[in-house]
Each structure stands twice: as C-alpha cells, then as structure tokens.
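Engineer: What follows is structure.pdb; its format and atoms are PDB, C-alpha atoms and all ligand atoms.
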ATOM      1  CA  MET J 231      42.131  12.794  56.113
ATOM      2  CA  SER J 232      42.083  16.014  54.129
ATOM      3  CA  GLU J 233      41.084  19.340  55.610
ATOM      4  CA  LYS J 234      37.486  20.344  56.160
ATOM      5  CA  LEU J 235      35.737  21.019  52.901
ATOM      6  CA  VAL J 236      33.571  24.048  52.554
ATOM      7  CA  LEU J 237      31.066  22.730  50.105
ATOM      8  CA  GLN J 238      27.878  24.668  50.141
ATOM      9  CA  PRO J 239      24.886  23.203  48.391
ATOM     10  CA  LYS J 240      24.572  24.858  45.019
ATOM     11  CA  ASN J 241      21.240  25.935  43.630
ATOM     12  CA  ASP J 242      21.200  22.921  41.342
ATOM     13  CA  MET J 243      21.352  20.621  44.351
ATOM     14  CA  GLU J 244      18.233  18.602  44.697
ATOM     15  CA  LYS J 245      16.086  18.855  47.753
ATOM     16  CA  ASP J 246      17.185  15.457  49.013
ATOM     17  CA  LEU J 247      20.783  16.659  49.156
ATOM     18  CA  PRO J 248      20.662  18.946  52.186
ATOM     19  CA  LYS J 249      23.825  20.271  53.750
ATOM     20  CA  GLU J 250      23.251  18.210  56.923
ATOM     21  CA  LYS J 251      23.657  15.035  54.903
ATOM     22  CA  PHE J 252      26.943  16.274  53.470
ATOM     23  CA  ASP J 253      28.024  17.147  57.014
ATOM     24  CA  GLU J 254      27.170  13.631  58.161
ATOM     25  CA  LEU J 255      29.130  12.137  55.286
ATOM     26  CA  GLU J 256      32.069  14.428  55.927
ATOM     27  CA  ALA J 257      32.142  13.499  59.604
ATOM     28  CA  TYR J 258      32.121   9.830  58.622
ATOM     29  CA  ILE J 259      35.028  10.270  56.210
ATOM     30  CA  ASP J 260      36.939  12.259  58.833
ATOM     31  CA  SER J 261      36.394   9.461  61.344
ATOM     32  CA  LEU J 262      38.177   6.919  59.148
ATOM     33  CA  GLU J 263      41.775   6.405  60.038
ATOM     34  CA  GLU J 264      42.969   5.295  56.634
ATOM     35  CA  SER J 265      41.891   6.647  53.311
ATOM     36  CA  GLU J 266      43.475   3.745  51.471
ATOM     37  CA  GLY J 267      40.912   1.124  50.493
ATOM     38  CA  THR J 268      38.004   2.868  52.129
ATOM     39  CA  LEU J 269      36.269   4.195  49.020
ATOM     40  CA  ILE J 270      33.735   1.361  48.901
ATOM     41  CA  GLN J 271      33.021   1.796  52.590
ATOM     42  CA  VAL J 272      32.467   5.519  52.067
ATOM     43  CA  LEU J 273      30.207   4.909  49.075
ATOM     44  CA  HIS J 274      28.095   2.481  51.109
ATOM     45  CA  LYS J 275      27.736   5.063  53.830
ATOM     46  CA  ALA J 276      26.912   7.811  51.331
ATOM     47  CA  GLN J 277      24.236   5.675  49.692
ATOM     48  CA  LYS J 278      22.770   4.966  53.099
ATOM     49  CA  ILE J 279      22.655   8.677  53.899
ATOM     50  CA  PHE J 280      21.357   9.956  50.557
ATOM     51  CA  GLY J 281      19.524   6.869  49.282
ATOM     52  CA  TYR J 282      21.612   6.955  46.089
ATOM     53  CA  LEU J 283      24.828   8.439  44.764
ATOM     54  CA  PRO J 284      24.114  11.500  42.646
ATOM     55  CA  ARG J 285      26.894  13.334  40.843
ATOM     56  CA  ASP J 286      27.271  15.997  43.525
ATOM     57  CA  VAL J 287      27.818  13.354  46.181
ATOM     58  CA  GLN J 288      30.378  11.551  44.036
ATOM     59  CA  LEU J 289      32.216  14.846  43.479
ATOM     60  CA  PHE J 290      32.120  15.612  47.164
ATOM     61  CA  ILE J 291      33.687  12.215  47.951
ATOM     62  CA  SER J 292      36.301  12.660  45.270
ATOM     63  CA  ARG J 293      37.368  16.067  46.602
ATOM     64  CA  LYS J 294      37.210  15.056  50.214
ATOM     65  CA  MET J 295      39.199  11.872  49.679
ATOM     66  CA  ASP J 296      41.534  13.477  47.198
ATOM     67  CA  ILE J 297      40.904  10.949  44.446
ATOM     68  CA  THR J 298      39.709  11.541  40.923
ATOM     69  CA  GLY J 299      36.021  11.790  40.110
ATOM     70  CA  ALA J 300      36.612   9.221  37.372
ATOM     71  CA  ARG J 301      37.756   6.687  39.945
ATOM     72  CA  VAL J 302      34.728   7.282  42.138
ATOM     73  CA  TYR J 303      32.418   7.040  39.137
ATOM     74  CA  GLY J 304      34.227   3.897  37.978
ATOM     75  CA  VAL J 305      33.484   2.136  41.263
ATOM     76  CA  VAL J 306      29.874   3.385  41.390
ATOM     77  CA  SER J 307      29.162   2.158  37.891
ATOM     78  CA  PHE J 308      30.990  -1.148  38.352
ATOM     79  CA  TYR J 309      28.930  -2.437  41.256
ATOM     80  CA  ASN J 310      25.211  -3.055  40.750
ATOM     81  CA  TYR J 311      24.670  -2.271  44.367
ATOM     82  CA  PHE J 312      25.483   1.401  43.870
ATOM     83  CA  ASN J 313      22.883   3.583  42.255
ATOM     84  CA  ASP J 314      23.450   7.034  40.828
ATOM     85  CA  LYS J 315      19.747   7.601  40.203
ATOM     86  CA  PRO J 316      17.147   8.113  42.909
ATOM     87  CA  PRO J 317      15.369   4.869  43.787
ATOM     88  CA  GLY J 318      11.698   4.428  42.956
ATOM     89  CA  GLU J 319       9.010   4.753  45.614
ATOM     90  CA  VAL J 320       8.761   0.966  45.785
ATOM     91  CA  THR J 321      11.821  -1.265  45.585
ATOM     92  CA  ILE J 322      11.411  -4.821  44.350
ATOM     93  CA  ASN J 323      14.307  -7.048  45.342
ATOM     94  CA  VAL J 324      14.355 -10.447  43.690
ATOM     95  CA  CYS J 325      16.711 -12.866  45.381
ATOM     96  CA  THR J 326      19.103 -14.426  42.877
ATOM     97  CA  GLY J 327      21.001 -16.592  45.367
ATOM     98  CA  THR J 328      21.531 -20.247  44.542
ATOM     99  CA  ALA J 329      18.354 -21.649  46.108
ATOM    100  CA  CYS J 330      16.193 -18.995  44.471
ATOM    101  CA  PHE J 331      18.014 -19.339  41.181
ATOM    102  CA  VAL J 332      17.320 -23.064  41.157
ATOM    103  CA  LYS J 333      13.639 -22.356  41.858
ATOM    104  CA  GLY J 334      13.244 -19.908  39.005
ATOM    105  CA  ALA J 335      14.449 -16.471  40.146
ATOM    106  CA  ASN J 336      15.580 -15.721  36.609
ATOM    107  CA  GLU J 337      12.084 -16.256  35.218
ATOM    108  CA  ILE J 338      10.740 -13.912  37.886
ATOM    109  CA  ILE J 339      13.242 -11.207  36.995
ATOM    110  CA  ALA J 340      12.605 -11.662  33.274
ATOM    111  CA  TYR J 341       8.861 -11.348  33.802
ATOM    112  CA  LEU J 342       9.199  -8.222  35.939
ATOM    113  CA  GLU J 343      11.637  -6.654  33.497
ATOM    114  CA  GLU J 344       9.160  -7.125  30.701
ATOM    115  CA  LYS J 345       6.161  -5.999  32.677
ATOM    116  CA  LEU J 346       7.844  -2.903  34.117
ATOM    117  CA  GLU J 347       9.777  -2.195  30.893
ATOM    118  CA  ILE J 348      13.075  -1.804  32.710
ATOM    119  CA  ALA J 349      16.157  -3.916  33.280
ATOM    120  CA  ALA J 350      17.159  -5.093  36.731
ATOM    121  CA  GLY J 351      18.949  -2.231  38.468
ATOM    122  CA  GLN J 352      16.687   0.389  36.893
ATOM    123  CA  THR J 353      13.702   2.479  37.936
ATOM    124  CA  THR J 354      10.483   2.860  35.967
ATOM    125  CA  GLU J 355       9.976   6.151  34.145
ATOM    126  CA  ASP J 356       7.205   7.217  36.483
ATOM    127  CA  GLY J 357       9.559   6.721  39.430
ATOM    128  CA  ARG J 358       7.270   4.147  41.007
ATOM    129  CA  PHE J 359       9.308   0.914  40.946
ATOM    130  CA  THR J 360      12.975   0.009  41.197
ATOM    131  CA  LEU J 361      13.835  -3.579  40.324
ATOM    132  CA  ASN J 362      16.934  -5.250  41.731
ATOM    133  CA  GLY J 363      18.421  -8.702  41.713
ATOM    134  CA  VAL J 364      20.020  -9.274  45.116
ATOM    135  CA  ARG J 365      22.152 -11.907  46.786
ATOM    136  CA  CYS J 366      20.705 -14.498  49.179
ATOM    137  CA  VAL J 367      18.438 -12.758  51.642
ATOM    138  CA  GLY J 368      18.611 -15.623  54.120
ATOM    139  CA  ALA J 369      15.181 -17.118  53.524
ATOM    140  CA  CYS J 370      16.240 -19.986  51.272
ATOM    141  CA  GLY J 371      13.479 -22.262  52.624
ATOM    142  CA  LEU J 372      11.019 -19.877  50.977
ATOM    143  CA  ALA J 373      12.755 -19.813  47.596
ATOM    144  CA  PRO J 374      12.142 -18.170  45.263
ATOM    145  CA  VAL J 375      11.901 -15.007  47.320
ATOM    146  CA  VAL J 376      10.814 -11.518  46.301
ATOM    147  CA  ILE J 377      10.965  -8.637  48.765
ATOM    148  CA  ILE J 378       8.867  -5.589  48.038
ATOM    149  CA  GLY J 379       9.489  -2.749  50.440
ATOM    150  CA  GLU J 380       9.518  -4.531  53.789
ATOM    151  CA  LYS J 381       7.272  -7.406  52.761
ATOM    152  CA  VAL J 382       8.760 -10.815  51.987
ATOM    153  CA  TYR J 383       6.988 -12.984  49.436
ATOM    154  CA  GLY J 384       8.042 -16.640  49.457
ATOM    155  CA  ARG J 385       7.618 -19.476  46.942
ATOM    156  CA  VAL J 386       6.607 -16.916  44.379
ATOM    157  CA  LYS J 387       5.229 -18.140  41.094
ATOM    158  CA  VAL J 388       5.433 -16.076  37.937
ATOM    159  CA  GLU J 389       1.647 -16.345  37.585
ATOM    160  CA  GLU J 390       1.236 -14.555  40.931
ATOM    161  CA  LEU J 391       3.338 -11.538  40.052
ATOM    162  CA  ASP J 392       0.554  -9.500  38.450
ATOM    163  CA  ASP J 393      -1.572  -9.775  41.591
ATOM    164  CA  ILE J 394       1.358  -8.980  43.854
ATOM    165  CA  LEU J 395       2.362  -5.937  41.816
ATOM    166  CA  ALA J 396      -1.209  -4.694  41.643
ATOM    167  CA  LYS J 397      -1.038  -4.037  45.385
ATOM    168  CA  TYR J 398       1.699  -1.471  44.794
ATOM    169  CA  GLU J 399       0.459   0.230  41.678
ATOM    170  CA  ARG J 400      -0.770   3.781  42.106
TER     171      ARG J 400
HETATM  172  S1  LIG D 501      19.000 -17.986  47.903
HETATM  173 FE1  LIG D 501      17.240 -16.764  47.988
HETATM  174  S2  LIG D 501      16.890 -16.596  50.080
HETATM  175 FE2  LIG D 501      18.710 -17.694  49.985
END
Have the structure of the file written as structure tokens, please.
Structural biologist:
Amino acid sequence: MSEKLVLQPKNDMEKDLPKEKFDELEAYIDSLEESEGTLIQVLHKAQKIFGYLPRDVQLFISRKMDITGARVYGVVSFYNYFNDKPPGEVTINVCTGTACFVKGANEIIAYLEEKLEIAAGQTTEDGRFTLNGVRCVGACGLAPVVIIGEKVYGRVKVEELDDILAKYER
C-alpha cells in the first residue's frame, strides 16, 4: 500500500475524530495485501472505528488508497449501509427481510418515518433517533422485528410503536 500518511487532525476535526482512530484505520489499510477491490472493506472498517464516515475520513481513505475522493464518496452514497452523518443516540433498525416484509415491516417504517419526520437512513434533527431499514436479522419467527439499541422487539404492531418509542424519548 502507499507510504505512511502524515495526516494531522485539523482544527475543524470533530472531537470524535481523534488521531488514534486515524492511526487504527491506517494500520488496517496497511495490513491489506491488495488495494484492488478493498474499498468497501475499508469503508466498513472505518465506519466501525468512527461510527460514521465524515468527509475527513473519506478524504483520508482516498489519499491513503490513492483513489479519487469522488469514487469514495460515490460508494458511500450508493450504499444505505454507509452513513456520512453521525448516528443518533438511539438507532432504530426495522428488519425489512422477507418474513418481516410479509408481516408489515413497510407499515412500521412508514409510521416511524412520519412520526419522527425523517426518512429511513436519516437522523432526527435533535440527534436523538436514527431510523434504518435492515436486512434479515435472523429472528424471522418473531417477524416483524424492530431492534432499538440492543433490545429486540418481536411481532411488533404499528399500534404499539408510540409506547415503545416513548421509552427512548428524552
Ligand atoms: S426477515 Fe426479519 S428477522 Fe428475518
């Protein structure tokens, strides 16, 4: 891979972008044998380290991997999984796998989108909730499934969502 990058955090770096995290990401990229086809892998790792993929992280990856920033941004914006905004304090993952879809996952997402005034993949203005539609979470017997933080809610009915959400409101 390319030579060691000397990228010091700039003063506009946010507090959740400490140099140690860039070092960890750099070490990961250096550990990969091939740079070809590893961008998605690197982005996954970066999102795990930073929690999301802010512009400075995308630029770092682009310079380190010697690819254009536009290409990195293109991949980040193409896949729902990647987020270039910080996640909310509480993440709501609604399973949209087949079993959950059949049992009304779409109605659940639609209700939450309206209630939280965001689209799936977005975070509320107050930074409290992030709403995601996710692939099968492996609890199909409980469909439809909503996971909030670490807690799994099974056989969720739209009418129950207000009460469930109330537990997480500030
Ligand atoms: S489809 Fe939702 S848990 Fe499997």
Engineer: Separation of CA of Ile322 in chain J and CA of Phe252 in chain J, in Å?
Structural biologist: 27.7 Å
Engineer: Return the single residue from J:Ile339, J:Cys370, J:Val375, J:Leu395 that is closest to Arg358 in chain J, with distances computed using only C-alpha atoms.
Structural biologist: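 Closest candidate: J:Leu395.
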Engineer: Enumerate as a list in words the residues within 9 Å of ligand LIG 501 (chain D), counting all atoms listed in the file.
Structural biologist: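 Selection of residues at most 9 Å from ligand LIG 501 (chain D): Val324, Cys325, Thr326, Gly327, Thr328, Ala329, Cys330, Phe331, Val332, Ala335, Val364, Arg365, Cys366, Val367, Gly368, Ala369, Cys370, Gly371, Leu372, Ala373, Pro374, Val375, Val376 and Gly384 of chain J.
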Engineer: Please determine, counting all atoms listed in the file, which residue among J:Val305, J:Tyr341, J:Lys251, J:Gln271 has the shortest atom-to-atom distance to Glu389 in chain J.
Structural biologist: J:Tyr341
Engineer: Expand the PyMOL selection byres (((chain J and resi 310) around 10) and not hetatm) into the individual residues it matches in the shown file, reporting them as a PyMOL selection string.
Structural biologist: chain J and resi 305-309+311-313+350-352+362-364
Engineer: I need the residue nearest Thr298 in chain J from this list: J:Lys397, J:Thr321, J:Leu269, J:Lys333. Use all atoms listed in the file for the distance.
Structural biologist: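 Closest to Thr298 in chain J, using all atoms listed in the file: J:Leu269.
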Engineer: Considering only C-alpha atoms, return as a list in words whatever protein or nucleic-acid residues lie within 10 Å of range 273-275 of chain J, sequence-local ones (same chain, fewer than 4 positions apart) excluded.
Structural biologist: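 Answer for this query is Glu254, Leu255, Tyr258, Ile259, Thr268, Leu269, Ile279, Phe280, Gly281, Tyr282, Leu283, Val287, Gln288, Ile291, Val302, Val305, Val306, Tyr311 and Phe312 of chain J.
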Engineer: Please report the interatomic distance between CA of Thr360 in chain J and CA of Val320 in chain J in Å with one decimal.
Structural biologist: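 Between CA of Thr360 in chain J and CA of Val320 in chain J the gap is 6.3 Å.
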Engineer: Quick one, how far is CA of Lys249 in chain J from CA of Gly318 in chain J?
Structural biologist: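 CA of Gly318 in chain J lies 22.7 Å from CA of Lys249 in chain J.
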Engineer: Excluding same-chain residues fewer than 2 positions from Ile377 in chain J, what lies within 6 Å of it counting all atoms listed in the file, as number ranges by chain?
Structural biologist: J: 322-323, 381-383
Engineer: With C-alpha atoms kept, could you save the residues just selected as a PDB file, in the frame of the given file?
Structural biologist:
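Result written to part-v6.pdb:
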ATOM      1  CA  ILE J 322      11.411  -4.821  44.350  1.00  0.00           C
ATOM      2  CA  ASN J 323      14.307  -7.048  45.342  1.00  0.00           C
ATOM      3  CA  LYS J 381       7.272  -7.406  52.761  1.00  0.00           C
ATOM      4  CA  VAL J 382       8.760 -10.815  51.987  1.00  0.00           C
ATOM      5  CA  TYR J 383       6.988 -12.984  49.436  1.00  0.00           C
TER       6      TYR J 383
END
Engineer: Taking only C-alpha atoms into account, name the residue in J:Glu264, J:Asp356, J:Ala349, J:Arg385 that is nearest to Gly334 in chain J.
Structural biologist: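 Once distances to Gly334 in chain J are computed over only C-alpha atoms, the minimum belongs to J:Arg385.
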Engineer: Find the residues near Glu355 in chain J: any atom within 12 Å, counting all atoms listed in the file, skip ones fewer than 5 places away on the same chain, and give them as a compact mmCIF listing (two decimals) with C-alpha atoms, keeping the file's coordinate frame.
Structural biologist:
# COMPACT_ATOMS: atom_id res chain seq x y z
CA LYS J 315 19.75 7.60 40.20
CA PRO J 316 17.15 8.11 42.91
CA PRO J 317 15.37 4.87 43.79
CA GLY J 318 11.70 4.43 42.96
CA GLU J 319 9.01 4.75 45.61
CA LEU J 346 7.84 -2.90 34.12
CA GLU J 347 9.78 -2.19 30.89
CA ILE J 348 13.08 -1.80 32.71
CA ALA J 349 16.16 -3.92 33.28
CA THR J 360 12.98 0.01 41.20
Engineer: Complete range 374-387 of chain J with N, CA and C atoms (output as a PDB file, in the frame of the given file).
Structural biologist:
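rebuild_24.pdb was written with the following content:
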ATOM      1  N   PRO J 374      11.465 -19.434  45.546  1.00  0.00           N
ATOM      2  CA  PRO J 374      12.142 -18.170  45.263  1.00  0.00           C
ATOM      3  C   PRO J 374      11.495 -17.009  46.026  1.00  0.00           C
ATOM      4  N   VAL J 375      12.346 -16.085  46.436  1.00  0.00           N
ATOM      5  CA  VAL J 375      11.901 -15.007  47.320  1.00  0.00           C
ATOM      6  C   VAL J 375      11.937 -13.648  46.599  1.00  0.00           C
ATOM      7  N   VAL J 376      10.867 -12.890  46.807  1.00  0.00           N
ATOM      8  CA  VAL J 376      10.814 -11.518  46.301  1.00  0.00           C
ATOM      9  C   VAL J 376      10.486 -10.631  47.502  1.00  0.00           C
ATOM     10  N   ILE J 377      11.246  -9.569  47.666  1.00  0.00           N
ATOM     11  CA  ILE J 377      10.965  -8.637  48.765  1.00  0.00           C
ATOM     12  C   ILE J 377      10.541  -7.303  48.164  1.00  0.00           C
ATOM     13  N   ILE J 378       9.356  -6.873  48.546  1.00  0.00           N
ATOM     14  CA  ILE J 378       8.867  -5.589  48.038  1.00  0.00           C
ATOM     15  C   ILE J 378       8.694  -4.673  49.241  1.00  0.00           C
ATOM     16  N   GLY J 379       9.472  -3.588  49.244  1.00  0.00           N
ATOM     17  CA  GLY J 379       9.489  -2.749  50.440  1.00  0.00           C
ATOM     18  C   GLY J 379       9.969  -3.605  51.591  1.00  0.00           C
ATOM     19  N   GLU J 380       9.142  -3.723  52.623  1.00  0.00           N
ATOM     20  CA  GLU J 380       9.518  -4.531  53.789  1.00  0.00           C
ATOM     21  C   GLU J 380       8.910  -5.929  53.733  1.00  0.00           C
ATOM     22  N   LYS J 381       8.040  -6.145  52.770  1.00  0.00           N
ATOM     23  CA  LYS J 381       7.272  -7.406  52.761  1.00  0.00           C
ATOM     24  C   LYS J 381       8.011  -8.499  51.990  1.00  0.00           C
ATOM     25  N   VAL J 382       8.080  -9.679  52.603  1.00  0.00           N
ATOM     26  CA  VAL J 382       8.760 -10.815  51.987  1.00  0.00           C
ATOM     27  C   VAL J 382       7.724 -11.753  51.377  1.00  0.00           C
ATOM     28  N   TYR J 383       7.868 -12.020  50.107  1.00  0.00           N
ATOM     29  CA  TYR J 383       6.988 -12.984  49.436  1.00  0.00           C
ATOM     30  C   TYR J 383       7.810 -14.234  49.151  1.00  0.00           C
ATOM     31  N   GLY J 384       7.320 -15.383  49.646  1.00  0.00           N
ATOM     32  CA  GLY J 384       8.042 -16.640  49.457  1.00  0.00           C
ATOM     33  C   GLY J 384       7.337 -17.555  48.477  1.00  0.00           C
ATOM     34  N   ARG J 385       8.113 -18.493  47.913  1.00  0.00           N
ATOM     35  CA  ARG J 385       7.618 -19.476  46.942  1.00  0.00           C
ATOM     36  C   ARG J 385       6.781 -18.795  45.862  1.00  0.00           C
ATOM     37  N   VAL J 386       7.340 -17.730  45.357  1.00  0.00           N
ATOM     38  CA  VAL J 386       6.607 -16.916  44.379  1.00  0.00           C
ATOM     39  C   VAL J 386       6.554 -17.632  43.030  1.00  0.00           C
ATOM     40  N   LYS J 387       5.368 -17.592  42.445  1.00  0.00           N
ATOM     41  CA  LYS J 387       5.229 -18.140  41.094  1.00  0.00           C
ATOM     42  C   LYS J 387       5.042 -16.970  40.131  1.00  0.00           C
TER      43      LYS J 387
END
